[in-house]
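Peer 1: Provided below: work-v6.cif, containing mmCIF, C-alpha atoms and all ligand atoms.
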data_target
loop_
_atom_site.label_atom_id
_atom_site.label_comp_id
_atom_site.auth_asym_id
_atom_site.auth_seq_id
_atom_site.Cartn_x
_atom_site.Cartn_y
_atom_site.Cartn_z
CA MET D 18 182.54 99.20 72.39
CA ARG D 19 185.34 96.73 71.72
CA LEU D 20 187.61 98.74 73.93
CA LEU D 21 185.00 98.91 76.65
CA LEU D 22 184.55 95.15 76.63
CA THR D 23 188.26 94.83 76.90
CA LEU D 24 188.28 97.12 79.91
CA ILE D 25 185.51 95.07 81.53
CA ALA D 26 187.46 91.91 80.95
CA CYS D 27 190.55 93.47 82.48
CA CYS D 28 188.78 94.65 85.59
CA CYS D 29 187.02 91.35 86.09
CA CYS D 30 190.20 89.38 85.79
CA ALA D 31 192.05 91.82 88.00
CA ALA D 32 195.14 90.89 86.11
CA VAL D 33 197.52 93.29 84.65
CA SER D 34 198.52 92.35 81.19
CA ALA D 35 200.17 93.92 78.29
CA ASN D 36 196.78 94.81 76.95
CA ASP D 37 196.01 96.77 80.10
CA LYS D 38 198.72 99.16 79.31
CA GLN D 39 197.15 99.83 75.99
CA VAL D 40 193.76 100.44 77.58
CA ASP D 41 194.98 102.78 80.31
CA PRO D 42 195.27 105.87 78.18
CA LEU D 43 191.59 105.61 77.45
CA ILE D 44 190.82 106.31 81.09
CA SER D 45 191.59 109.93 80.79
CA PRO D 46 189.59 113.07 81.56
CA SER D 47 188.63 113.32 77.93
CA ASN D 48 187.51 109.72 77.57
CA LYS D 49 186.10 109.04 81.04
CA THR D 50 182.57 110.36 80.49
CA PRO D 51 181.64 108.37 77.44
CA LEU D 52 183.06 105.28 79.07
CA SER D 53 181.26 105.69 82.35
CA SER D 54 177.94 106.32 80.67
CA LEU D 55 178.30 103.17 78.64
CA ALA D 56 179.94 100.82 81.07
CA GLY D 57 178.16 101.06 84.38
CA ALA D 58 179.36 101.88 87.85
CA ARG D 59 180.98 98.62 88.83
CA VAL D 60 183.15 98.53 85.80
CA TYR D 61 184.40 102.04 85.76
CA GLY D 62 184.08 102.69 89.49
CA GLY D 63 187.64 101.70 90.22
CA ALA D 64 188.99 103.63 87.30
CA VAL D 65 187.01 106.75 88.14
CA GLY D 66 188.13 106.50 91.71
CA LEU D 67 191.66 106.50 90.55
CA THR D 68 191.27 109.39 88.16
CA THR D 69 189.31 111.57 90.52
CA THR D 70 191.74 111.05 93.34
CA THR D 71 194.61 111.56 91.06
CA PRO D 72 195.75 115.15 90.97
CA ALA D 73 194.88 116.75 87.73
CA GLY D 74 198.54 117.32 87.09
CA LYS D 75 199.20 113.60 87.23
CA ALA D 76 196.50 112.70 84.77
CA PRO D 77 198.89 112.72 81.87
CA ALA D 78 201.22 110.43 83.77
CA SER D 79 202.96 107.75 81.88
CA SER D 80 201.21 104.56 81.09
CA LYS D 81 203.49 102.79 83.50
CA GLU D 82 202.54 104.99 86.44
CA ALA D 83 198.86 104.74 85.66
CA THR D 84 199.11 101.01 85.34
CA ASP D 85 200.94 100.71 88.62
CA LYS D 86 198.27 102.65 90.43
CA GLU D 87 195.43 100.99 88.66
CA ALA D 88 196.73 97.50 89.14
CA PRO D 89 195.54 97.14 92.78
CA ALA D 90 192.12 98.41 91.73
CA LYS D 91 190.60 94.97 91.88
CA PRO D 92 186.80 95.14 92.07
CA ALA D 93 186.72 93.15 95.32
CA LYS D 94 188.91 95.66 97.10
CA GLU D 95 187.93 98.90 95.38
CA ALA D 96 184.16 98.46 95.32
CA PRO D 97 183.53 99.56 98.94
CA ALA D 98 185.68 102.65 98.64
CA ALA D 99 184.28 103.51 95.24
CA GLY D 100 180.72 102.80 96.38
CA GLY D 101 180.89 105.64 98.92
CA ARG D 102 181.74 108.14 96.26
CA LYS D 103 179.52 106.73 93.57
CA PRO D 104 176.29 108.86 94.15
CA ALA D 105 178.16 112.10 93.88
CA ALA D 106 179.98 110.93 90.87
CA GLU D 107 176.81 109.48 89.35
CA ALA D 108 174.72 112.60 90.01
CA ALA D 109 177.42 114.75 88.60
CA SER D 110 178.09 112.55 85.66
CA ASP D 111 174.58 111.13 84.80
CA PRO D 112 172.10 113.85 83.80
CA GLU D 113 170.03 111.26 81.95
CA ALA D 114 169.52 109.26 85.14
CA GLU D 115 168.72 112.46 86.95
CA LEU D 116 166.18 113.34 84.30
CA SER D 117 164.75 109.83 84.41
CA ALA D 118 164.41 110.10 88.18
CA LYS D 119 162.66 113.44 87.82
CA ILE D 120 160.35 112.03 85.18
CA ALA D 121 159.64 108.97 87.33
CA ALA D 122 158.91 111.19 90.33
CA ARG D 123 156.63 113.36 88.22
CA LEU D 124 154.86 110.32 86.82
CA ALA D 125 154.42 108.90 90.32
CA ALA D 126 152.95 112.22 91.48
CA MET D 127 150.58 112.30 88.48
CA ARG D 128 149.58 108.70 89.13
CA ALA D 129 148.87 109.48 92.78
CA THR D 130 146.79 112.51 91.79
CA GLN D 131 144.85 110.44 89.26
CA GLN D 132 144.22 107.68 91.82
CA ALA D 133 142.99 110.26 94.33
CA ARG D 134 140.62 111.69 91.69
CA VAL D 135 139.26 108.22 90.86
CA ALA D 136 138.78 107.41 94.54
CA ALA D 137 137.01 110.75 95.15
CA ALA D 138 134.73 110.17 92.13
CA ALA D 139 133.88 106.65 93.34
CA ARG D 140 133.12 108.01 96.79
CA ALA D 141 130.91 110.77 95.38
CA LYS D 142 129.07 108.26 93.17
CA LYS D 143 128.49 105.93 96.11
CA GLU D 144 127.18 108.79 98.25
CA ALA D 145 124.90 109.99 95.41
CA THR D 146 123.54 106.45 94.92
CA ALA D 147 122.87 106.08 98.64
CA LYS D 148 121.17 109.50 98.72
CA ALA D 149 119.02 108.64 95.68
CA ALA D 150 118.05 105.32 97.25
CA LYS D 151 117.08 107.13 100.43
CA VAL D 152 115.00 109.69 98.51
CA ALA D 153 113.36 106.94 96.45
CA ALA D 154 112.58 104.99 99.60
CA VAL D 155 110.54 107.81 101.13
CA PRO D 156 107.49 107.56 98.83
CA GLU D 157 107.63 103.77 99.09
CA ALA D 158 107.27 103.84 102.84
CA PRO D 159 103.96 102.24 103.73
CA LYS D 160 101.43 104.85 104.70
CA VAL D 161 99.67 104.28 107.95
CA TYR D 162 95.95 104.95 107.74
CA SER D 163 93.63 105.78 110.55
CA ASN D 164 91.25 103.19 111.91
CA VAL D 165 89.29 105.78 113.79
CA TRP D 166 85.70 106.34 112.71
CA SER D 167 82.59 107.68 114.32
CA TYR D 168 78.94 108.46 113.62
CA GLU D 169 79.37 112.24 113.60
CA GLY D 170 81.95 114.89 112.69
CA GLU D 171 85.14 114.56 110.62
CA ALA D 172 85.35 110.79 111.06
CA GLY D 173 81.62 110.39 110.40
CA PRO D 174 79.85 108.21 107.78
CA ALA D 175 80.30 110.73 104.92
CA ASN D 176 84.11 110.39 105.28
CA TRP D 177 84.55 106.71 106.12
CA ALA D 178 85.72 105.85 102.58
CA LYS D 179 88.34 108.63 102.69
CA ILE D 180 89.80 107.68 106.05
CA ASN D 181 91.18 104.31 104.99
CA PRO D 182 91.51 102.75 101.48
CA ALA D 183 90.40 99.43 102.99
CA TRP D 184 87.06 101.12 103.63
CA ALA D 185 86.51 102.20 100.01
CA LYS D 186 83.28 100.19 99.79
CA CYS D 187 81.69 102.59 102.28
CA GLY D 188 81.80 105.16 99.45
CA THR D 189 81.77 103.18 96.21
CA GLY D 190 79.63 100.14 97.05
CA ASN D 191 76.17 99.77 95.54
CA ARG D 192 74.91 97.20 98.03
CA GLN D 193 75.42 99.25 101.17
CA SER D 194 73.40 99.15 104.36
CA PRO D 195 71.21 100.35 105.89
CA ILE D 196 68.43 101.13 103.44
CA ASP D 197 64.91 102.40 103.56
CA ILE D 198 62.99 99.17 102.94
CA ARG D 199 60.20 99.82 100.49
CA ASP D 200 58.63 98.34 97.36
CA GLY D 201 59.33 94.83 98.59
CA MET D 202 58.20 91.89 96.45
CA LYS D 203 55.68 89.92 98.53
CA VAL D 204 56.39 86.22 98.13
CA ASP D 205 56.06 83.02 100.12
CA LEU D 206 59.35 83.32 101.89
CA GLU D 207 60.55 80.24 103.73
CA GLN D 208 60.36 80.35 107.49
CA ILE D 209 63.65 81.16 109.18
CA ASP D 210 64.57 78.20 111.33
CA PHE D 211 66.04 79.41 114.63
CA GLU D 212 68.09 76.99 116.71
CA TYR D 213 68.88 79.29 119.62
CA ARG D 214 69.37 78.06 123.16
CA PRO D 215 70.48 79.37 126.56
CA SER D 216 74.14 80.27 126.17
CA SER D 217 77.03 81.83 127.96
CA PHE D 218 77.62 85.46 127.01
CA ASN D 219 79.68 88.52 127.78
CA VAL D 220 79.00 92.22 127.40
CA THR D 221 81.42 94.84 126.08
CA ASP D 222 81.03 98.60 125.77
CA ASN D 223 83.33 98.92 122.73
CA GLY D 224 83.07 102.68 122.36
CA LYS D 225 80.63 102.45 119.43
CA THR D 226 77.90 100.32 120.95
CA VAL D 227 77.09 97.69 123.53
CA GLN D 228 78.11 94.34 122.06
CA VAL D 229 77.15 90.90 123.35
CA MET D 230 79.28 87.89 122.41
CA VAL D 231 77.34 84.65 122.60
CA GLY D 232 78.65 81.12 123.22
CA ARG D 233 78.80 78.55 120.41
CA GLY D 234 75.85 76.50 119.23
CA ASN D 235 73.20 79.07 118.24
CA TYR D 236 72.10 78.69 114.63
CA LEU D 237 69.86 80.31 112.08
CA ASN D 238 68.95 78.24 108.98
CA VAL D 239 67.79 79.92 105.81
CA GLY D 240 68.32 79.32 102.06
CA ASN D 241 69.87 75.93 102.76
CA ARG D 242 72.61 77.58 104.75
CA MET D 243 73.35 77.26 108.43
CA TYR D 244 74.62 80.45 110.05
CA GLU D 245 75.95 80.53 113.59
CA LEU D 246 75.24 83.47 115.91
CA VAL D 247 78.46 85.27 116.83
CA GLN D 248 77.37 88.50 118.55
CA PHE D 249 74.60 91.06 118.72
CA HIS D 250 74.70 94.83 119.28
CA PHE D 251 72.47 97.90 119.37
CA HIS D 252 71.91 101.11 117.39
CA ARG D 253 69.93 104.20 118.30
CA PRO D 254 67.91 105.20 116.35
CA SER D 255 67.26 102.18 114.13
CA GLU D 256 69.45 102.24 111.03
CA GLU D 257 66.80 100.58 108.88
CA ARG D 258 63.65 102.33 107.85
CA VAL D 259 60.51 100.61 106.61
CA ASN D 260 58.62 102.68 104.04
CA GLY D 261 60.38 105.75 105.42
CA LYS D 262 59.54 105.00 109.04
CA GLY D 263 62.39 104.82 111.55
CA TYR D 264 62.35 103.07 114.94
CA GLU D 265 63.78 104.11 118.26
CA MET D 266 66.39 101.35 118.29
CA VAL D 267 67.46 98.19 116.48
CA VAL D 268 69.33 95.03 117.47
CA HIS D 269 71.67 93.47 114.88
CA LEU D 270 72.40 89.75 115.39
CA VAL D 271 75.51 88.81 113.38
CA HIS D 272 75.70 85.24 112.06
CA LYS D 273 78.34 83.50 109.96
CA ASP D 274 78.23 80.26 108.02
CA ALA D 275 81.14 77.83 107.72
CA GLU D 276 82.45 79.66 104.65
CA GLY D 277 82.35 83.07 106.30
CA HIS D 278 79.16 84.35 104.63
CA ILE D 279 77.35 86.76 106.89
CA ALA D 280 73.63 86.76 107.68
CA MET D 281 72.41 89.76 109.67
CA LEU D 282 69.15 89.53 111.56
CA ALA D 283 67.67 92.93 112.45
CA LEU D 284 65.12 93.33 115.22
CA LEU D 285 63.45 96.73 115.27
CA LEU D 286 62.77 98.02 118.81
CA GLU D 287 59.81 100.15 119.82
CA ARG D 288 58.59 101.47 123.17
CA GLY D 289 56.42 99.03 125.08
CA LYS D 290 56.82 96.45 127.77
CA SER D 291 60.14 95.48 129.32
CA GLN D 292 62.32 93.10 127.36
CA PRO D 293 63.91 90.40 129.62
CA ALA D 294 66.91 89.46 127.45
CA ILE D 295 67.83 93.13 126.95
CA GLN D 296 67.47 93.68 130.69
CA GLN D 297 69.98 90.86 131.21
CA VAL D 298 72.43 92.66 128.96
CA TRP D 299 71.96 96.00 130.70
CA ASN D 300 72.40 94.30 134.08
CA ASN D 301 75.81 93.09 133.00
CA LEU D 302 77.11 96.26 131.37
CA PRO D 303 80.75 96.86 132.40
CA LEU D 304 81.48 100.02 134.37
CA GLU D 305 84.15 101.25 131.94
CA LYS D 306 84.26 101.54 128.17
CA MET D 307 86.36 98.83 126.46
CA ASP D 308 85.86 96.58 129.47
CA THR D 309 84.05 93.25 129.20
CA MET D 310 81.79 91.62 131.75
CA ALA D 311 81.31 87.85 131.59
CA PRO D 312 78.52 86.78 133.92
CA SER D 313 78.03 83.20 135.05
CA GLU D 314 74.37 83.19 134.00
CA THR D 315 73.12 82.21 130.53
CA LEU D 316 71.14 84.21 127.97
CA ASP D 317 68.70 82.67 125.50
CA PRO D 318 68.73 84.63 122.21
CA MET D 319 65.32 83.15 121.46
CA ASP D 320 63.96 85.58 124.12
CA LEU D 321 64.84 88.49 121.86
CA LEU D 322 62.68 87.38 118.92
CA PRO D 323 59.21 88.80 118.17
CA ALA D 324 56.20 86.45 118.21
CA ARG D 325 55.61 86.68 114.46
CA ARG D 326 58.40 85.67 112.10
CA GLU D 327 57.61 87.46 108.81
CA TYR D 328 60.59 89.30 107.44
CA PHE D 329 62.17 91.34 104.65
CA THR D 330 65.26 90.07 102.93
CA PHE D 331 67.78 91.66 100.56
CA MET D 332 71.51 91.84 100.01
CA GLY D 333 73.49 94.55 101.74
CA SER D 334 76.65 95.25 103.66
CA MET D 335 78.02 95.66 107.15
CA SER D 336 76.82 99.09 108.25
CA GLU D 337 80.18 100.16 109.72
CA PRO D 338 83.73 100.23 108.29
CA PRO D 339 84.97 98.41 106.29
CA CYS D 340 81.38 98.17 104.95
CA GLN D 341 82.01 94.81 103.26
CA GLU D 342 79.17 93.67 101.01
CA GLY D 343 77.66 90.24 100.30
CA VAL D 344 75.74 90.31 103.58
CA LEU D 345 72.33 88.60 103.65
CA TRP D 346 69.92 90.86 105.54
CA LEU D 347 66.88 89.48 107.34
CA VAL D 348 64.75 92.24 108.92
CA MET D 349 61.86 91.02 111.07
CA LYS D 350 58.64 92.85 110.27
CA GLU D 351 57.24 92.84 113.77
CA PRO D 352 59.07 95.24 116.13
CA VAL D 353 60.19 94.04 119.55
CA GLN D 354 58.95 95.99 122.54
CA VAL D 355 61.39 97.53 124.97
CA SER D 356 60.46 99.61 128.03
CA PRO D 357 61.11 103.39 128.05
CA ALA D 358 63.50 102.88 130.97
CA GLN D 359 65.46 100.33 128.94
CA MET D 360 65.53 102.75 125.99
CA ALA D 361 66.73 105.56 128.28
CA PHE D 362 69.49 103.37 129.65
CA PHE D 363 71.05 102.92 126.21
CA SER D 364 70.50 106.51 125.13
CA ARG D 365 72.58 107.68 128.07
CA LEU D 366 75.47 105.68 126.65
CA TYR D 367 74.87 106.18 122.94
CA PRO D 368 72.30 108.81 122.01
CA TYR D 369 73.22 108.47 118.31
CA ASN D 370 75.09 105.58 116.74
CA ALA D 371 73.41 104.92 113.41
CA ARG D 372 74.64 105.14 109.82
CA PRO D 373 72.26 107.07 107.53
CA VAL D 374 70.29 105.10 104.92
CA GLN D 375 72.15 104.29 101.71
CA PRO D 376 70.81 104.17 98.13
CA SER D 377 68.95 100.95 97.30
CA SER D 378 70.40 101.09 93.77
CA GLY D 379 67.60 98.93 92.39
CA ARG D 380 68.37 95.93 94.55
CA ILE D 381 65.65 93.35 94.98
CA ILE D 382 63.82 93.32 98.29
CA LYS D 383 61.61 90.37 99.11
CA GLU D 384 59.16 90.21 101.99
CA SER D 385 56.93 87.57 103.56
CA ASN D 386 53.26 87.65 102.59
ZN ZN Y 1 74.85 96.97 113.47
#
As a first step, turn the structure in this file into structure tokens.
Ligand code: ZN

Peer 2:
Amino acid sequence: MRLLLTLIACCCCAAVSANDKQVDPLISPSNKTPLSSLAGARVYGGAVGLTTTTPAGKAPASSKEATDKEAPAKPAKEAPAAGGRKPAAEAASDPEAELSAKIAARLAAMRATQQARVAAAARAKKEATAKAAKVAAVPEAPKVYSNVWSYEGEAGPANWAKINPAWAKCGTGNRQSPIDIRDGMKVDLEQIDFEYRPSSFNVTDNGKTVQVMVGRGNYLNVGNRMYELVQFHFHRPSEERVNGKGYEMVVHLVHKDAEGHIAMLALLLERGKSQPAIQQVWNNLPLEKMDTMAPSETLDPMDLLPARREYFTFMGSMSEPPCQEGVLWLVMKEPVQVSPAQMAFFSRLYPYNARPVQPSSGRIIKESN
């Protein structure tokens, strides 16, 4: 090592000294390899260049000759020339570097392979997660239920509760309508106070019945509540029965109070004389289903009422989907007369649009004395 440092010092100084002559013999074929491996290219480059270009026969030249030739080998001048030959010399003379390069290349290849594996695994995981999310999302998709119901067939009353979960009450309720009204408790029921008046109206054939919307300001007062008339519509035959007896038709007048409570007034229809208010409705029936006719004349709901005002009352439900309960039913005892021609008119449109009677389930029925 001491000798090597000396050599380095000599080369760097580019000065030939007495010491150089002592070092020269070290740069010989036998000593070159250990030196080059220890010293580095820049240091021994010049020397190697000299020895390799020197004919083998001249290698054992005298110290003087070697010194003379080596003297101009200043790093500044020799470096470019030596640099051109360096790779060959290095490759030939540096198996460790070669091995290191091979190892580095192998490591780089392994690293690249590993990175590719990691990337592929991440991609596969991402795809699997997305697929799982997609599969999980399918059952969560909101199911669309039918809103189609009818009075007969597959969509008939027996299946209403199965068609749409929102209509569950049609199957599970215990205050459903209509009922067969019997075993009523005769009491002094308060008189229903009707505040009906001539009102604007329109008539719609809604595909289930003929429905009449009535203008604001028609009230029914009962049980300290004030219910406003919203609409009335028809069923054939009557949905309600009284002591097992059915009627040819019924009119349902739907009222609501300010809190949304519903009071349903039912007027049973039987064959008899012509009914003027019903005739007004028939006169204004639209020509097409789902159409609405809004005449300029007025209709007085009071004209629909029977002369006597005794009634049955009980709690029930709407008699069509969603069959919501909590409805106050008021069924007038006296039927209203309608002419056979007026009955026939409706039966041509709707020969059957009535829900069958539902269990009373022990509910209390009160009736006027
Ligand atoms: Zn009804």

Peer 1: Counting only C-alpha atoms and all ligand atoms, what residues are within 7 Å of ligand ZN 1 (chain Y), given as a ChimeraX atom specification?

Peer 2: /D:250-252,269,336

Peer 1: So, counting only C-alpha atoms, which residue among D:Met281, D:Gly333, D:Gln297, D:Ala141 is closest to Ser313 (chain D)?

Peer 2: D:Gln297

Peer 1: Between CA of Ala158 (chain D) and CA of Pro182 (chain D), what is the spacing in Å?

Peer 2: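 Separating CA of Pro182 (chain D) from CA of Ala158 (chain D) is a distance of 15.9 Å.
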
Peer 1: Measuring between all atoms listed in the file, which one of D:Phe331, D:Tyr264, D:Trp184, D:Phe249 shows the shortest distance to Pro318 (chain D)?

Peer 2: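 That would be D:Phe249, the residue with the smallest distance to Pro318 (chain D).
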
Peer 1: Quick one, how far is CA of Pro323 (chain D) from CA of Glu351 (chain D)?

Peer 2: 6.3 Å

Peer 1: Taking all atoms listed in the file into account, which of D:Arg233, D:Lys186, D:Lys203, D:Lys350 comes nearest Phe218 (chain D)?

Peer 2: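 When distances to Phe218 (chain D) are compared using all atoms listed in the file, the smallest one comes from D:Arg233.
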
Peer 1: Every residue with an atom at most 6 Å from (58.9, 84.9, 104.2) (file coordinates; only C-alpha atoms) is what I'm after, so could you write them as a list in words?

Peer 2: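 Nearby residues: Asp205, Leu206, Glu207, Gln208, Glu327, Tyr328, Glu384 and Ser385 of chain D.
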
Peer 1: Working from the structure I just supplied, which lacks atoms in region 172-203 of chain D, can you model N, CA and C atoms there and output them as a PDB file, in the coordinates of the input?

Peer 2:
ATOM      1  N   ALA D 172      85.187 112.231 111.283  1.00  0.00           N
ATOM      2  CA  ALA D 172      85.350 110.790 111.060  1.00  0.00           C
ATOM      3  C   ALA D 172      83.988 110.105 110.868  1.00  0.00           C
ATOM      4  N   GLY D 173      82.982 110.917 110.550  1.00  0.00           N
ATOM      5  CA  GLY D 173      81.620 110.390 110.400  1.00  0.00           C
ATOM      6  C   GLY D 173      81.393 109.651 109.086  1.00  0.00           C
ATOM      7  N   PRO D 174      80.179 109.084 108.925  1.00  0.00           N
ATOM      8  CA  PRO D 174      79.850 108.210 107.780  1.00  0.00           C
ATOM      9  C   PRO D 174      80.185 108.796 106.398  1.00  0.00           C
ATOM     10  N   ALA D 175      80.038 110.120 106.224  1.00  0.00           N
ATOM     11  CA  ALA D 175      80.300 110.730 104.920  1.00  0.00           C
ATOM     12  C   ALA D 175      81.781 110.617 104.542  1.00  0.00           C
ATOM     13  N   ASN D 176      82.667 110.448 105.536  1.00  0.00           N
ATOM     14  CA  ASN D 176      84.110 110.390 105.280  1.00  0.00           C
ATOM     15  C   ASN D 176      84.738 109.024 105.492  1.00  0.00           C
ATOM     16  N   TRP D 177      83.961 108.026 105.833  1.00  0.00           N
ATOM     17  CA  TRP D 177      84.550 106.710 106.120  1.00  0.00           C
ATOM     18  C   TRP D 177      85.444 106.218 104.973  1.00  0.00           C
ATOM     19  N   ALA D 178      84.951 106.362 103.739  1.00  0.00           N
ATOM     20  CA  ALA D 178      85.720 105.850 102.580  1.00  0.00           C
ATOM     21  C   ALA D 178      87.039 106.581 102.402  1.00  0.00           C
ATOM     22  N   LYS D 179      87.115 107.836 102.863  1.00  0.00           N
ATOM     23  CA  LYS D 179      88.340 108.630 102.690  1.00  0.00           C
ATOM     24  C   LYS D 179      89.353 108.366 103.791  1.00  0.00           C
ATOM     25  N   ILE D 180      88.903 107.877 104.904  1.00  0.00           N
ATOM     26  CA  ILE D 180      89.800 107.680 106.050  1.00  0.00           C
ATOM     27  C   ILE D 180      90.793 106.558 105.800  1.00  0.00           C
ATOM     28  N   ASN D 181      90.315 105.482 105.185  1.00  0.00           N
ATOM     29  CA  ASN D 181      91.180 104.310 104.990  1.00  0.00           C
ATOM     30  C   ASN D 181      90.803 103.637 103.674  1.00  0.00           C
ATOM     31  N   PRO D 182      91.816 103.383 102.779  1.00  0.00           N
ATOM     32  CA  PRO D 182      91.510 102.750 101.480  1.00  0.00           C
ATOM     33  C   PRO D 182      90.809 101.399 101.634  1.00  0.00           C
ATOM     34  N   ALA D 183      91.053 100.734 102.763  1.00  0.00           N
ATOM     35  CA  ALA D 183      90.400  99.430 102.990  1.00  0.00           C
ATOM     36  C   ALA D 183      88.896  99.603 103.203  1.00  0.00           C
ATOM     37  N   TRP D 184      88.478 100.853 103.402  1.00  0.00           N
ATOM     38  CA  TRP D 184      87.060 101.120 103.630  1.00  0.00           C
ATOM     39  C   TRP D 184      86.395 101.741 102.402  1.00  0.00           C
ATOM     40  N   ALA D 185      87.017 101.567 101.239  1.00  0.00           N
ATOM     41  CA  ALA D 185      86.510 102.200 100.010  1.00  0.00           C
ATOM     42  C   ALA D 185      85.058 101.844  99.729  1.00  0.00           C
ATOM     43  N   LYS D 186      84.665 100.624 100.057  1.00  0.00           N
ATOM     44  CA  LYS D 186      83.280 100.190  99.790  1.00  0.00           C
ATOM     45  C   LYS D 186      82.244 101.093 100.458  1.00  0.00           C
ATOM     46  N   CYS D 187      82.631 101.701 101.582  1.00  0.00           N
ATOM     47  CA  CYS D 187      81.690 102.590 102.280  1.00  0.00           C
ATOM     48  C   CYS D 187      81.255 103.729 101.350  1.00  0.00           C
ATOM     49  N   GLY D 188      82.133 104.067 100.363  1.00  0.00           N
ATOM     50  CA  GLY D 188      81.800 105.160  99.450  1.00  0.00           C
ATOM     51  C   GLY D 188      81.403 104.696  98.067  1.00  0.00           C
ATOM     52  N   THR D 189      81.993 103.591  97.605  1.00  0.00           N
ATOM     53  CA  THR D 189      81.770 103.180  96.210  1.00  0.00           C
ATOM     54  C   THR D 189      80.821 101.995  96.063  1.00  0.00           C
ATOM     55  N   GLY D 190      80.486 101.332  97.157  1.00  0.00           N
ATOM     56  CA  GLY D 190      79.630 100.140  97.050  1.00  0.00           C
ATOM     57  C   GLY D 190      78.214 100.494  96.590  1.00  0.00           C
ATOM     58  N   ASN D 191      77.566  99.542  95.942  1.00  0.00           N
ATOM     59  CA  ASN D 191      76.170  99.770  95.540  1.00  0.00           C
ATOM     60  C   ASN D 191      75.214  98.769  96.205  1.00  0.00           C
ATOM     61  N   ARG D 192      75.740  98.096  97.217  1.00  0.00           N
ATOM     62  CA  ARG D 192      74.910  97.200  98.030  1.00  0.00           C
ATOM     63  C   ARG D 192      75.167  97.505  99.506  1.00  0.00           C
ATOM     64  N   GLN D 193      75.110  98.819  99.813  1.00  0.00           N
ATOM     65  CA  GLN D 193      75.420  99.250 101.170  1.00  0.00           C
ATOM     66  C   GLN D 193      74.193  99.223 102.072  1.00  0.00           C
ATOM     67  N   SER D 194      74.465  99.138 103.360  1.00  0.00           N
ATOM     68  CA  SER D 194      73.400  99.150 104.360  1.00  0.00           C
ATOM     69  C   SER D 194      73.660 100.296 105.336  1.00  0.00           C
ATOM     70  N   PRO D 195      72.609 100.804 105.977  1.00  0.00           N
ATOM     71  CA  PRO D 195      71.210 100.350 105.890  1.00  0.00           C
ATOM     72  C   PRO D 195      70.493 100.962 104.694  1.00  0.00           C
ATOM     73  N   ILE D 196      69.263 100.518 104.480  1.00  0.00           N
ATOM     74  CA  ILE D 196      68.430 101.130 103.440  1.00  0.00           C
ATOM     75  C   ILE D 196      67.032 101.399 104.004  1.00  0.00           C
ATOM     76  N   ASP D 197      66.336 102.210 103.275  1.00  0.00           N
ATOM     77  CA  ASP D 197      64.910 102.400 103.560  1.00  0.00           C
ATOM     78  C   ASP D 197      64.186 101.279 102.808  1.00  0.00           C
ATOM     79  N   ILE D 198      63.587 100.355 103.544  1.00  0.00           N
ATOM     80  CA  ILE D 198      62.990  99.170 102.940  1.00  0.00           C
ATOM     81  C   ILE D 198      61.601  99.521 102.398  1.00  0.00           C
ATOM     82  N   ARG D 199      61.497  99.510 101.111  1.00  0.00           N
ATOM     83  CA  ARG D 199      60.200  99.820 100.490  1.00  0.00           C
ATOM     84  C   ARG D 199      60.106  99.087  99.155  1.00  0.00           C
ATOM     85  N   ASP D 200      58.880  99.002  98.636  1.00  0.00           N
ATOM     86  CA  ASP D 200      58.630  98.340  97.360  1.00  0.00           C
ATOM     87  C   ASP D 200      59.118  96.895  97.359  1.00  0.00           C
ATOM     88  N   GLY D 201      58.937  96.234  98.510  1.00  0.00           N
ATOM     89  CA  GLY D 201      59.330  94.830  98.590  1.00  0.00           C
ATOM     90  C   GLY D 201      58.428  93.952  97.743  1.00  0.00           C
ATOM     91  N   MET D 202      58.974  92.881  97.220  1.00  0.00           N
ATOM     92  CA  MET D 202      58.200  91.890  96.450  1.00  0.00           C
ATOM     93  C   MET D 202      57.660  90.869  97.438  1.00  0.00           C
ATOM     94  N   LYS D 203      56.305  90.843  97.566  1.00  0.00           N
ATOM     95  CA  LYS D 203      55.680  89.920  98.530  1.00  0.00           C
ATOM     96  C   LYS D 203      55.655  88.515  97.938  1.00  0.00           C
TER      97      LYS D 203
END
